[in-house]
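Next comes structure.pdb, with PDB, C-alpha atoms and all ligand atoms.
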ATOM      1  CA  MET L  95     175.426 110.380  97.093  1.00  0.00           C
ATOM      2  CA  ALA L  96     177.659 110.328 100.093  1.00  0.00           C
ATOM      3  CA  TYR L  97     181.251 109.181  99.767  1.00  0.00           C
ATOM      4  CA  SER L  98     182.325 105.706 100.836  1.00  0.00           C
ATOM      5  CA  VAL L  99     185.667 104.029 101.407  1.00  0.00           C
ATOM      6  CA  PRO L 100     186.632 102.059  98.291  1.00  0.00           C
ATOM      7  CA  ASP L 101     187.568  98.421  98.828  1.00  0.00           C
ATOM      8  CA  LEU L 102     191.281  97.720  98.716  1.00  0.00           C
ATOM      9  CA  PRO L 103     192.183  96.331  95.283  1.00  0.00           C
ATOM     10  CA  TYR L 104     194.230  93.585  97.034  1.00  0.00           C
ATOM     11  CA  ALA L 105     194.283  91.744 100.370  1.00  0.00           C
ATOM     12  CA  TYR L 106     195.298  93.523 103.582  1.00  0.00           C
ATOM     13  CA  ASP L 107     198.458  91.444 103.785  1.00  0.00           C
ATOM     14  CA  ALA L 108     199.298  91.702 100.071  1.00  0.00           C
ATOM     15  CA  LEU L 109     201.912  94.420 100.503  1.00  0.00           C
ATOM     16  CA  GLU L 110     203.895  92.481 103.139  1.00  0.00           C
ATOM     17  CA  PRO L 111     206.679  92.746 104.066  1.00  0.00           C
ATOM     18  CA  HIS L 112     206.875  96.367 102.921  1.00  0.00           C
ATOM     19  CA  ILE L 113     203.573  97.534 104.407  1.00  0.00           C
ATOM     20  CA  ASP L 114     202.277  95.285 107.177  1.00  0.00           C
ATOM     21  CA  GLU L 115     198.763  93.906 107.453  1.00  0.00           C
ATOM     22  CA  ALA L 116     198.002  95.524 110.810  1.00  0.00           C
ATOM     23  CA  THR L 117     198.847  98.958 109.441  1.00  0.00           C
ATOM     24  CA  MET L 118     196.739  98.388 106.327  1.00  0.00           C
ATOM     25  CA  ARG L 119     193.739  97.328 108.389  1.00  0.00           C
ATOM     26  CA  VAL L 120     193.704 100.318 110.695  1.00  0.00           C
ATOM     27  CA  HIS L 121     194.762 102.741 107.956  1.00  0.00           C
ATOM     28  CA  HIS L 122     192.104 101.678 105.447  1.00  0.00           C
ATOM     29  CA  ASP L 123     189.256 100.612 107.743  1.00  0.00           C
ATOM     30  CA  LYS L 124     189.600 103.202 110.501  1.00  0.00           C
ATOM     31  CA  HIS L 125     191.511 106.262 109.297  1.00  0.00           C
ATOM     32  CA  HIS L 126     190.056 106.422 105.790  1.00  0.00           C
ATOM     33  CA  GLN L 127     186.561 105.681 107.132  1.00  0.00           C
ATOM     34  CA  ALA L 128     186.852 108.556 109.592  1.00  0.00           C
ATOM     35  CA  TYR L 129     187.785 110.980 106.795  1.00  0.00           C
ATOM     36  CA  VAL L 130     184.818 109.788 104.746  1.00  0.00           C
ATOM     37  CA  ASP L 131     182.384 110.093 107.642  1.00  0.00           C
ATOM     38  CA  LYS L 132     183.535 113.616 108.504  1.00  0.00           C
ATOM     39  CA  ALA L 133     183.599 114.764 104.872  1.00  0.00           C
ATOM     40  CA  ASN L 134     180.057 113.482 104.394  1.00  0.00           C
ATOM     41  CA  ALA L 135     178.887 115.241 107.548  1.00  0.00           C
ATOM     42  CA  ALA L 136     180.471 118.528 106.424  1.00  0.00           C
ATOM     43  CA  LEU L 137     178.996 118.409 102.915  1.00  0.00           C
ATOM     44  CA  GLU L 138     175.536 117.156 103.832  1.00  0.00           C
ATOM     45  CA  GLY L 139     172.892 119.621 102.719  1.00  0.00           C
ATOM     46  CA  THR L 140     175.287 121.759 100.665  1.00  0.00           C
ATOM     47  CA  GLU L 141     175.275 121.968  96.890  1.00  0.00           C
ATOM     48  CA  TYR L 142     178.561 120.011  96.925  1.00  0.00           C
ATOM     49  CA  ASP L 143     176.946 116.918  98.428  1.00  0.00           C
ATOM     50  CA  GLY L 144     177.637 114.112  95.954  1.00  0.00           C
ATOM     51  CA  LYS L 145     180.035 116.030  93.717  1.00  0.00           C
ATOM     52  CA  PRO L 146     183.245 114.190  92.766  1.00  0.00           C
ATOM     53  CA  ILE L 147     185.792 114.699  95.515  1.00  0.00           C
ATOM     54  CA  GLU L 148     188.428 115.964  93.031  1.00  0.00           C
ATOM     55  CA  GLU L 149     186.064 118.743  91.983  1.00  0.00           C
ATOM     56  CA  VAL L 150     185.291 119.681  95.572  1.00  0.00           C
ATOM     57  CA  ILE L 151     188.957 119.855  96.605  1.00  0.00           C
ATOM     58  CA  ALA L 152     189.893 121.825  93.477  1.00  0.00           C
ATOM     59  CA  ASN L 153     187.265 124.427  94.432  1.00  0.00           C
ATOM     60  CA  LEU L 154     187.638 124.633  98.213  1.00  0.00           C
ATOM     61  CA  GLY L 155     187.458 128.418  98.133  1.00  0.00           C
ATOM     62  CA  SER L 156     183.930 128.339  96.778  1.00  0.00           C
ATOM     63  CA  LEU L 157     182.601 126.231  99.651  1.00  0.00           C
ATOM     64  CA  PRO L 158     180.704 127.882 102.494  1.00  0.00           C
ATOM     65  CA  SER L 159     183.420 129.355 104.708  1.00  0.00           C
ATOM     66  CA  ASP L 160     182.348 127.390 107.777  1.00  0.00           C
ATOM     67  CA  LYS L 161     182.803 124.123 105.832  1.00  0.00           C
ATOM     68  CA  GLN L 162     186.159 124.774 104.230  1.00  0.00           C
ATOM     69  CA  THR L 163     188.459 123.513 106.993  1.00  0.00           C
ATOM     70  CA  ALA L 164     186.508 120.307 107.568  1.00  0.00           C
ATOM     71  CA  VAL L 165     186.341 119.550 103.858  1.00  0.00           C
ATOM     72  CA  ARG L 166     189.978 120.461 103.239  1.00  0.00           C
ATOM     73  CA  ASN L 167     191.085 118.049 105.967  1.00  0.00           C
ATOM     74  CA  ASN L 168     188.573 115.223 105.631  1.00  0.00           C
ATOM     75  CA  GLY L 169     187.634 115.490 101.975  1.00  0.00           C
ATOM     76  CA  GLY L 170     191.356 115.770 101.305  1.00  0.00           C
ATOM     77  CA  GLY L 171     191.888 112.662 103.415  1.00  0.00           C
ATOM     78  CA  HIS L 172     189.312 110.797 101.358  1.00  0.00           C
ATOM     79  CA  LEU L 173     190.863 111.869  98.058  1.00  0.00           C
ATOM     80  CA  ASN L 174     194.451 111.229  99.128  1.00  0.00           C
ATOM     81  CA  HIS L 175     193.763 107.760 100.476  1.00  0.00           C
ATOM     82  CA  SER L 176     191.628 106.765  97.492  1.00  0.00           C
ATOM     83  CA  LEU L 177     194.618 107.602  95.288  1.00  0.00           C
ATOM     84  CA  PHE L 178     197.042 105.923  97.689  1.00  0.00           C
ATOM     85  CA  TRP L 179     195.463 102.438  97.756  1.00  0.00           C
ATOM     86  CA  GLU L 180     195.357 102.342  93.970  1.00  0.00           C
ATOM     87  CA  SER L 181     198.971 103.491  93.701  1.00  0.00           C
ATOM     88  CA  MET L 182     200.252 100.307  95.318  1.00  0.00           C
ATOM     89  CA  LYS L 183     200.049  96.654  94.372  1.00  0.00           C
ATOM     90  CA  PRO L 184     201.549  93.347  95.436  1.00  0.00           C
ATOM     91  CA  GLY L 185     204.703  92.741  93.406  1.00  0.00           C
ATOM     92  CA  GLY L 186     204.955  96.456  92.658  1.00  0.00           C
ATOM     93  CA  GLY L 187     207.999  98.652  92.662  1.00  0.00           C
ATOM     94  CA  GLY L 188     210.778  98.596  90.138  1.00  0.00           C
ATOM     95  CA  GLU L 189     210.772 101.379  87.604  1.00  0.00           C
ATOM     96  CA  PRO L 190     208.195 102.780  85.202  1.00  0.00           C
ATOM     97  CA  THR L 191     208.616 102.328  81.465  1.00  0.00           C
ATOM     98  CA  GLY L 192     207.586 104.276  78.388  1.00  0.00           C
ATOM     99  CA  PRO L 193     206.655 107.972  78.326  1.00  0.00           C
ATOM    100  CA  LEU L 194     206.500 108.298  82.122  1.00  0.00           C
ATOM    101  CA  ALA L 195     210.020 106.888  82.483  1.00  0.00           C
ATOM    102  CA  GLU L 196     211.286 109.325  79.851  1.00  0.00           C
ATOM    103  CA  ALA L 197     209.557 112.249  81.541  1.00  0.00           C
ATOM    104  CA  ILE L 198     211.034 111.316  84.939  1.00  0.00           C
ATOM    105  CA  THR L 199     214.529 111.144  83.473  1.00  0.00           C
ATOM    106  CA  ALA L 200     214.011 114.473  81.690  1.00  0.00           C
ATOM    107  CA  ALA L 201     212.759 116.199  84.831  1.00  0.00           C
ATOM    108  CA  PHE L 202     215.014 114.735  87.505  1.00  0.00           C
ATOM    109  CA  GLY L 203     218.091 113.380  85.685  1.00  0.00           C
ATOM    110  CA  SER L 204     217.463 109.724  86.522  1.00  0.00           C
ATOM    111  CA  PHE L 205     214.974 107.477  88.272  1.00  0.00           C
ATOM    112  CA  ASP L 206     217.299 107.247  91.279  1.00  0.00           C
ATOM    113  CA  ASP L 207     217.490 111.035  91.488  1.00  0.00           C
ATOM    114  CA  PHE L 208     213.702 111.152  91.381  1.00  0.00           C
ATOM    115  CA  LYS L 209     213.433 108.603  94.191  1.00  0.00           C
ATOM    116  CA  ALA L 210     215.926 110.565  96.255  1.00  0.00           C
ATOM    117  CA  LYS L 211     213.871 113.716  95.781  1.00  0.00           C
ATOM    118  CA  VAL L 212     210.641 112.016  96.890  1.00  0.00           C
ATOM    119  CA  LYS L 213     212.400 110.574  99.921  1.00  0.00           C
ATOM    120  CA  GLU L 214     213.978 113.891 100.836  1.00  0.00           C
ATOM    121  CA  THR L 215     210.621 115.662 100.491  1.00  0.00           C
ATOM    122  CA  GLY L 216     208.831 113.055 102.609  1.00  0.00           C
ATOM    123  CA  VAL L 217     211.486 113.014 105.298  1.00  0.00           C
ATOM    124  CA  ALA L 218     211.599 116.820 105.421  1.00  0.00           C
ATOM    125  CA  GLN L 219     207.826 117.162 105.859  1.00  0.00           C
ATOM    126  CA  PHE L 220     207.495 118.407 109.443  1.00  0.00           C
ATOM    127  CA  GLY L 221     204.616 116.628 111.136  1.00  0.00           C
ATOM    128  CA  SER L 222     202.015 115.014 108.923  1.00  0.00           C
ATOM    129  CA  GLY L 223     201.663 115.199 105.171  1.00  0.00           C
ATOM    130  CA  TRP L 224     202.489 113.714 101.819  1.00  0.00           C
ATOM    131  CA  ALA L 225     205.232 113.725  99.169  1.00  0.00           C
ATOM    132  CA  TRP L 226     203.928 113.721  95.600  1.00  0.00           C
ATOM    133  CA  LEU L 227     204.923 113.336  91.997  1.00  0.00           C
ATOM    134  CA  VAL L 228     202.714 115.824  90.163  1.00  0.00           C
ATOM    135  CA  HIS L 229     202.177 117.188  86.696  1.00  0.00           C
ATOM    136  CA  ASP L 230     202.112 120.948  87.132  1.00  0.00           C
ATOM    137  CA  GLY L 231     200.730 121.787  83.714  1.00  0.00           C
ATOM    138  CA  SER L 232     204.089 121.994  82.006  1.00  0.00           C
ATOM    139  CA  GLY L 233     205.938 118.979  83.347  1.00  0.00           C
ATOM    140  CA  LEU L 234     206.730 116.769  86.321  1.00  0.00           C
ATOM    141  CA  ALA L 235     207.615 118.005  89.778  1.00  0.00           C
ATOM    142  CA  VAL L 236     207.978 116.605  93.281  1.00  0.00           C
ATOM    143  CA  VAL L 237     206.077 118.544  95.931  1.00  0.00           C
ATOM    144  CA  GLY L 238     205.175 118.103  99.567  1.00  0.00           C
ATOM    145  CA  THR L 239     201.840 118.923 101.147  1.00  0.00           C
ATOM    146  CA  ALA L 240     200.938 119.302 104.808  1.00  0.00           C
ATOM    147  CA  ASN L 241     198.207 117.355 106.553  1.00  0.00           C
ATOM    148  CA  GLN L 242     195.642 116.130 104.003  1.00  0.00           C
ATOM    149  CA  ASP L 243     196.172 118.866 101.440  1.00  0.00           C
ATOM    150  CA  ASN L 244     196.142 117.597  97.857  1.00  0.00           C
ATOM    151  CA  PRO L 245     198.070 119.159  94.941  1.00  0.00           C
ATOM    152  CA  ILE L 246     194.759 119.499  93.072  1.00  0.00           C
ATOM    153  CA  ALA L 247     194.049 122.493  95.298  1.00  0.00           C
ATOM    154  CA  ASP L 248     197.160 124.147  93.779  1.00  0.00           C
ATOM    155  CA  GLY L 249     196.147 123.364  90.202  1.00  0.00           C
ATOM    156  CA  GLN L 250     198.515 120.391  89.928  1.00  0.00           C
ATOM    157  CA  THR L 251     197.630 116.819  89.017  1.00  0.00           C
ATOM    158  CA  PRO L 252     198.842 114.205  91.527  1.00  0.00           C
ATOM    159  CA  LEU L 253     200.326 111.138  89.835  1.00  0.00           C
ATOM    160  CA  VAL L 254     201.471 109.270  92.943  1.00  0.00           C
ATOM    161  CA  GLY L 255     201.913 110.205  96.591  1.00  0.00           C
ATOM    162  CA  VAL L 256     203.430 108.641  99.660  1.00  0.00           C
ATOM    163  CA  ASP L 257     201.586 109.131 102.938  1.00  0.00           C
ATOM    164  CA  VAL L 258     204.083 110.225 105.606  1.00  0.00           C
ATOM    165  CA  TRP L 259     201.616 110.524 108.480  1.00  0.00           C
ATOM    166  CA  GLU L 260     202.854 108.417 111.388  1.00  0.00           C
ATOM    167  CA  HIS L 261     199.677 106.293 111.130  1.00  0.00           C
ATOM    168  CA  ALA L 262     201.006 105.065 107.758  1.00  0.00           C
ATOM    169  CA  TYR L 263     204.141 103.483 109.198  1.00  0.00           C
ATOM    170  CA  TYR L 264     204.548 103.718 112.965  1.00  0.00           C
ATOM    171  CA  LEU L 265     203.419 100.175 113.867  1.00  0.00           C
ATOM    172  CA  LYS L 266     206.186  98.638 111.767  1.00  0.00           C
ATOM    173  CA  TYR L 267     208.774 101.370 111.312  1.00  0.00           C
ATOM    174  CA  GLN L 268     208.320 103.493 114.482  1.00  0.00           C
ATOM    175  CA  ASN L 269     210.385 106.665 114.022  1.00  0.00           C
ATOM    176  CA  LYS L 270     212.173 105.406 110.893  1.00  0.00           C
ATOM    177  CA  ARG L 271     210.275 107.326 108.247  1.00  0.00           C
ATOM    178  CA  PRO L 272     213.160 107.080 105.729  1.00  0.00           C
ATOM    179  CA  ASP L 273     213.047 103.253 105.923  1.00  0.00           C
ATOM    180  CA  TYR L 274     209.286 103.289 105.379  1.00  0.00           C
ATOM    181  CA  ILE L 275     209.633 105.468 102.272  1.00  0.00           C
ATOM    182  CA  ASP L 276     212.295 103.111 100.886  1.00  0.00           C
ATOM    183  CA  ALA L 277     209.964 100.164 101.515  1.00  0.00           C
ATOM    184  CA  TRP L 278     206.969 101.966 100.032  1.00  0.00           C
ATOM    185  CA  PHE L 279     208.818 102.277  96.721  1.00  0.00           C
ATOM    186  CA  ASN L 280     208.671  98.464  96.516  1.00  0.00           C
ATOM    187  CA  THR L 281     204.872  98.649  96.361  1.00  0.00           C
ATOM    188  CA  VAL L 282     204.322 101.320  93.704  1.00  0.00           C
ATOM    189  CA  ASN L 283     201.951 100.384  90.893  1.00  0.00           C
ATOM    190  CA  TRP L 284     203.759 102.138  88.034  1.00  0.00           C
ATOM    191  CA  ASP L 285     201.112 101.011  85.532  1.00  0.00           C
ATOM    192  CA  LYS L 286     198.533 103.056  87.432  1.00  0.00           C
ATOM    193  CA  VAL L 287     200.883 106.033  87.708  1.00  0.00           C
ATOM    194  CA  SER L 288     201.600 105.835  83.958  1.00  0.00           C
ATOM    195  CA  GLU L 289     197.868 105.800  83.296  1.00  0.00           C
ATOM    196  CA  ARG L 290     197.443 109.006  85.299  1.00  0.00           C
ATOM    197  CA  TYR L 291     200.402 110.560  83.486  1.00  0.00           C
ATOM    198  CA  SER L 292     199.000 109.682  80.053  1.00  0.00           C
ATOM    199  CA  ALA L 293     195.731 111.366  80.976  1.00  0.00           C
ATOM    200  CA  VAL L 294     197.414 114.740  81.577  1.00  0.00           C
ATOM    201  CA  ALA L 295     200.657 114.790  79.578  1.00  0.00           C
TER     202      ALA L 295
HETATM  203 MN    MN L 301     196.956 108.014 105.918  1.00  0.00          MN
END

Could you take the file, read its structure, and then write that structure out as structure tokens?
Amino acid sequence: MAYSVPDLPYAYDALEPHIDEATMRVHHDKHHQAYVDKANAALEGTEYDGKPIEEVIANLGSLPSDKQTAVRNNGGGHLNHSLFWESMKPGGGGEPTGPLAEAITAAFGSFDDFKAKVKETGVAQFGSGWAWLVHDGSGLAVVGTANQDNPIADGQTPLVGVDVWEHAYYLKYQNKRPDYIDAWFNTVNWDKVSERYSAVA
């Protein structure tokens, strides 16, 4: 079955004032839809048609060579955005608790140090991409990816990522990507991130 854009698990304006309604509408309804449409077109008629997107992105190298770029970019866009919507919630932010909080402190020194590392990674990403908290098989790490690349393609498990493409923030924040990343932290659904951590740790 072809991919489709999942409904937002909250209203378009639910992340105000951190992420504005106009950005959410165009980001979810237009950008994510375009990734889905192009990924479906690229995979149609191949043996990967209908496979879970995580599995497809983890095995990009086994796709027909003339499909790999389209699937990397658009299948990656579908995967990244599906994770992204679920990683935010109205009234989010704050700090995680439990095993994830302990693991963040162990890996980065403190939650504030972790936040600083995500922000630095997102700000330093030249052009479009993402900054991620991942589990790399042995522990937590912060990594950046270009364009719509997902850490799954590098054998890592993404726990939460912030979209630093200009389409994610330019309407409200213009060139101020650091301010957008600060604001995004006020939307993070740490329960969802903890759930992902528990599944791999
Ligand atoms: Mn995006």

- Message: Translate the PyMOL selection byres (((not hetatm)) within 7 of (chain L and resi 301)) into a concrete residue list for this structure, as number ranges by chain.
- Response: L: 121, 125, 175, 257, 259, 261-262

- Nearest to Ala108 in chain L: which of L:Arg166, L:Lys183, L:His126, L:Lys132 is it, counting all atoms listed in the file? L:Lys183

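The interatomic distance for the pair CA of Met95 in chain L and CA of Val120 in chain L works out to 24.9 Å.
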
- Apply the PyMOL selection byres (((chain L and resi 273) around 12) and not hetatm) to the file shown and report the selected residues as a VMD selection string. chain L and resid 112 to 113 213 to 214 216 to 217 258 263 to 264 266 to 272 274 to 280

- Message: Here is a test: counting all atoms listed in the file, which residue of L:Asn283, L:Thr251, L:Ser156, L:Ser98 is nearest to Thr191 in chain L?
- Response: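 Result for the nearest residue to Thr191 in chain L: L:Asn283.
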
- Message: Show me, as JSON, numbers by chain, the residues that have an atom within 9 Å of Ala164 in chain L when counting all atoms listed in the file, minus same-chain residues fewer than 5 positions from it.
- Response: {"L": [132, 133, 136, 169]}

Those residues you just picked out, can you put them in a file as a short mmCIF file (atom, residue, chain, number, x, y, z; two decimals), keeping the file's coordinate frame with C-alpha atoms?
data_model
loop_
_atom_site.label_atom_id
_atom_site.label_comp_id
_atom_site.auth_asym_id
_atom_site.auth_seq_id
_atom_site.Cartn_x
_atom_site.Cartn_y
_atom_site.Cartn_z
CA LYS L 132 183.54 113.62 108.50
CA ALA L 133 183.60 114.76 104.87
CA ALA L 136 180.47 118.53 106.42
CA GLY L 169 187.63 115.49 101.98
#

- Message: Evaluate the PyMOL selection byres (((chain L and resi 161) around 12) and not hetatm) against this structure - the residues, as an NGL selection string, please.
- Response: :L and (132-143 or 150-151 or 154-160 or 162-169)

- Task: Measure the distance from CA of Phe202 in chain L to CA of Gly233 in chain L in Å and round it to one decimal.
- Result: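 Answer for the CA of Phe202 in chain L to CA of Gly233 in chain L separation: 10.8 Å.
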
- By how many Å are CA of Met118 in chain L and CA of Leu253 in chain L apart?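 Going from CA of Met118 in chain L over to CA of Leu253 in chain L covers 21.2 Å.
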
- Go through L:Glu189, L:Phe220, L:Asp230, L:Leu265 and flag the residue nearest Phe205 in chain L, using only C-alpha atoms for the distances. L:Glu189

Could range 153-164 of chain L be completed with all heavy atoms and written as a compact mmCIF listing (two decimals), in the coordinates of the input, please?
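Writing the result to rebuild-v5.txt gives the following:
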# COMPACT_ATOMS: atom_id res chain seq x y z
N ASN L 153 188.05 123.19 94.30
CA ASN L 153 187.26 124.43 94.43
C ASN L 153 186.93 124.74 95.89
O ASN L 153 185.86 125.27 96.19
CB ASN L 153 185.97 124.30 93.62
CG ASN L 153 186.25 124.17 92.14
OD1 ASN L 153 186.61 125.13 91.48
ND2 ASN L 153 186.12 122.96 91.62
N LEU L 154 187.89 124.44 96.78
CA LEU L 154 187.64 124.63 98.21
C LEU L 154 187.18 126.05 98.54
O LEU L 154 186.32 126.26 99.39
CB LEU L 154 188.92 124.34 99.00
CG LEU L 154 189.23 122.88 99.33
CD1 LEU L 154 190.61 122.79 99.96
CD2 LEU L 154 188.16 122.29 100.24
N GLY L 155 187.76 127.02 97.83
CA GLY L 155 187.46 128.42 98.13
C GLY L 155 186.02 128.81 97.85
O GLY L 155 185.56 129.85 98.33
N SER L 156 185.32 127.99 97.07
CA SER L 156 183.93 128.34 96.78
C SER L 156 182.95 127.66 97.74
O SER L 156 181.74 127.88 97.67
CB SER L 156 183.59 127.98 95.33
OG SER L 156 183.80 126.62 95.10
N LEU L 157 183.47 126.86 98.65
CA LEU L 157 182.60 126.23 99.65
C LEU L 157 182.17 127.26 100.70
O LEU L 157 182.87 128.27 100.90
CB LEU L 157 183.35 125.11 100.37
CG LEU L 157 183.60 123.82 99.61
CD1 LEU L 157 184.66 123.00 100.32
CD2 LEU L 157 182.31 123.02 99.50
N PRO L 158 181.06 127.01 101.37
CA PRO L 158 180.70 127.88 102.49
C PRO L 158 181.89 127.98 103.46
O PRO L 158 182.54 126.96 103.74
CB PRO L 158 179.53 127.15 103.15
CG PRO L 158 178.97 126.26 102.08
CD PRO L 158 180.12 125.89 101.19
N SER L 159 182.19 129.16 103.94
CA SER L 159 183.42 129.35 104.71
C SER L 159 183.48 128.49 105.96
O SER L 159 184.55 128.05 106.37
CB SER L 159 183.61 130.83 105.05
OG SER L 159 182.48 131.29 105.75
N ASP L 160 182.33 128.20 106.56
CA ASP L 160 182.35 127.39 107.78
C ASP L 160 182.54 125.90 107.48
O ASP L 160 182.65 125.10 108.41
CB ASP L 160 181.07 127.61 108.59
CG ASP L 160 179.82 127.16 107.87
OD1 ASP L 160 179.80 127.17 106.62
OD2 ASP L 160 178.84 126.79 108.55
N LYS L 161 182.59 125.53 106.21
CA LYS L 161 182.80 124.12 105.83
C LYS L 161 184.22 123.87 105.31
O LYS L 161 184.64 122.72 105.17
CB LYS L 161 181.82 123.72 104.72
CG LYS L 161 180.36 123.94 105.04
CD LYS L 161 179.86 122.91 106.02
CE LYS L 161 178.34 122.98 106.15
NZ LYS L 161 177.87 122.08 107.20
N GLN L 162 184.92 124.94 104.98
CA GLN L 162 186.16 124.77 104.23
C GLN L 162 187.23 123.97 104.97
O GLN L 162 187.86 123.10 104.38
CB GLN L 162 186.73 126.14 103.82
CG GLN L 162 185.90 126.78 102.71
CD GLN L 162 186.45 128.12 102.26
OE1 GLN L 162 187.57 128.49 102.61
NE2 GLN L 162 185.65 128.84 101.50
N THR L 163 187.41 124.22 106.25
CA THR L 163 188.46 123.51 106.99
C THR L 163 188.13 122.03 107.11
O THR L 163 188.99 121.17 106.86
CB THR L 163 188.64 124.13 108.39
OG1 THR L 163 189.02 125.50 108.22
CG2 THR L 163 189.74 123.41 109.16
N ALA L 164 186.89 121.72 107.42
CA ALA L 164 186.51 120.31 107.57
C ALA L 164 186.63 119.57 106.25
O ALA L 164 187.06 118.41 106.22
CB ALA L 164 185.08 120.20 108.10
